[in-house]
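One structure is given here, and the rest of the page talks about it.
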Amino acid sequence: MKNLIYNTSKRLLFFVALFQLAVSQVHISMITKLFVSNVGFYFFIFILSGLMIMFNLSSMQAGSTQHMGALAVSLVGALGSGYIYLTKTWADYLTQQSVTLDIIRASMIIITIGMVVYLVGVVCVMFTHLSREE
């Protein structure tokens with residue numbers, strides 16, 4: 001059962017990291033409509049942290065704790081930058097008259113889902129990694 005949870009979480013994290021990168025055009029078009037420069041930086045950090053999660057997972061070996069710290073740092077980076085991205089986007093939406101909710105909705109939903117999957121997936125991987133049988 002632990003192997004199933006571990007492997008499913010790992011595959012889901014791989015998929016979400018690549019999905020976030022694949023749909024980055026949605027976020028980029030929203031960022032250009034907001035005319036706020038630093039939101040793009042936090043988006044870049046979010047994507048980069050997701051890819052770091054994926055790379056750390058691909059390097060993990062059974063029973064080894066070598067990549068756990070890097071995985072935790074990557075998770076904090078993804079969650080922190082995602083949170084800042086969402087709060088800055090929402091604040092800009094509230095202050096700019098020309099930006100409608102339709103423009104930012106898809107981007108905010110995709111980032112939120114990514115953050116939830118990263119959190120749940122990494123926690124599942126960390127708890128099942130050391131005790132799984134190979």
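Here's how to read the names in the structure tokens: chain A, B, ... by the order shown, residue numbers from 1 in each chain, ligand numbers from 1 in the order shown.
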
Shell of 7 Å around stretch 101-115 of chain A, only C-alpha atoms, local chain residues under 2 positions omitted, as an mmCIF file with N, CA and C atoms, in the first residue's frame:
```cif
data_model
loop_
_atom_site.group_PDB
_atom_site.id
_atom_site.type_symbol
_atom_site.label_atom_id
_atom_site.label_comp_id
_atom_site.auth_asym_id
_atom_site.auth_seq_id
_atom_site.Cartn_x
_atom_site.Cartn_y
_atom_site.Cartn_z
ATOM 1 N N VAL A 16 2.019 17.291 -12.593
ATOM 2 C CA VAL A 16 1.662 18.678 -12.265
ATOM 3 C C VAL A 16 2.799 19.637 -12.592
ATOM 4 N N VAL A 26 -0.980 30.606 -20.303
ATOM 5 C CA VAL A 26 -2.163 31.183 -19.646
ATOM 6 C C VAL A 26 -1.729 32.230 -18.631
ATOM 7 N N HIS A 27 -0.722 31.897 -17.851
ATOM 8 C CA HIS A 27 -0.236 32.820 -16.829
ATOM 9 C C HIS A 27 0.454 34.032 -17.453
ATOM 10 N N MET A 30 -1.993 36.520 -18.789
ATOM 11 C CA MET A 30 -2.633 37.244 -17.684
ATOM 12 C C MET A 30 -1.679 38.280 -17.104
ATOM 13 N N LEU A 79 5.304 26.768 -2.626
ATOM 14 C CA LEU A 79 4.152 27.284 -1.880
ATOM 15 C C LEU A 79 4.285 28.774 -1.605
ATOM 16 N N GLY A 82 3.959 30.710 -4.933
ATOM 17 C CA GLY A 82 2.573 30.614 -5.385
ATOM 18 C C GLY A 82 1.649 31.513 -4.578
ATOM 19 N N LEU A 86 -0.408 34.693 -6.027
ATOM 20 C CA LEU A 86 -1.866 34.825 -5.904
ATOM 21 C C LEU A 86 -2.265 36.123 -5.206
ATOM 22 N N VAL A 99 -8.977 45.388 -15.510
ATOM 23 C CA VAL A 99 -8.796 43.944 -15.381
ATOM 24 C C VAL A 99 -10.070 43.329 -14.807
ATOM 25 N N VAL A 117 -1.695 20.277 -4.849
ATOM 26 C CA VAL A 117 -1.113 18.994 -5.259
ATOM 27 C C VAL A 117 0.336 18.885 -4.794
ATOM 28 N N TYR A 118 1.102 19.974 -4.911
ATOM 29 C CA TYR A 118 2.488 19.942 -4.424
ATOM 30 C C TYR A 118 2.527 19.636 -2.929
ATOM 31 N N LEU A 119 1.697 20.297 -2.152
ATOM 32 C CA LEU A 119 1.698 20.089 -0.704
ATOM 33 C C LEU A 119 1.322 18.656 -0.353
#
```

Using DSSP on the backbone coordinates, identify the residues of chain A assigned to alpha helix (DSSP H); present them as a PyMOL selection string.
-> chain A and resi 2-22+24-34+37-59+68-95+101-129

Do a neighbour search on A:Thr65 at 12 Å with only C-alpha atoms, toss out local chain neighbours closer than 3 positions, and write the hits as JSON, numbers by chain.
-> {"A": [56, 57, 59, 60, 61, 62, 68, 69, 70, 71, 72, 125, 126, 127, 128, 129, 130, 131]}

Find the residue from A:Ile5, A:Ala78, A:Leu13, A:Cys124 that sits nearest to A:Phe44; use only C-alpha atoms when measuring.
->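 Checking each of A:Ile5, A:Ala78, A:Leu13, A:Cys124 against A:Phe44, counting only C-alpha atoms, the winner is A:Ala78.
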
Using only C-alpha atoms: which of A:Leu51, A:Met1, A:Leu75, A:Leu21 has the shortest distance to A:Val123 | A:Leu75

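Residue nearest A:Tyr85 within the list A:Val39, A:Val122, A:Val116, A:Met52: A:Val39 [criterion: smallest interatomic distance, only C-alpha atoms].
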
In Å to one decimal, how far is atom CA of A:Phe43 from atom CA of A:Ile31?
->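 A separation of 9.2 Å between them.
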
Which distance in Å separates atom CA of A:Leu18 and atom CA of A:Thr100, to one decimal?
-> 27.9 Å

Atomic separation - atom CA of A:Ser49 relative to atom CA of A:Arg11, Å =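 Result for atom CA of A:Arg11 versus atom CA of A:Ser49: 16.5 Å, one decimal.
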
Residue nearest A:Leu34 - candidates A:His67, A:Phe15, A:Gln97, A:Lys10, atoms counted: only C-alpha atoms |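 With only C-alpha atoms as the atom set, the closest residue is A:Gln97.
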
Nearest-residue call for A:Leu48, choices A:Thr8, A:Thr32, A:Thr95, A:Ala17, using only C-alpha atoms =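 Closest residue, counting only C-alpha atoms: A:Ala17.
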
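Distance annotation: of A:Leu12, A:Leu4, A:Val36, A:Ile53, the residue with the minimal separation from A:Val76 is A:Ile53; atom set is only C-alpha atoms.
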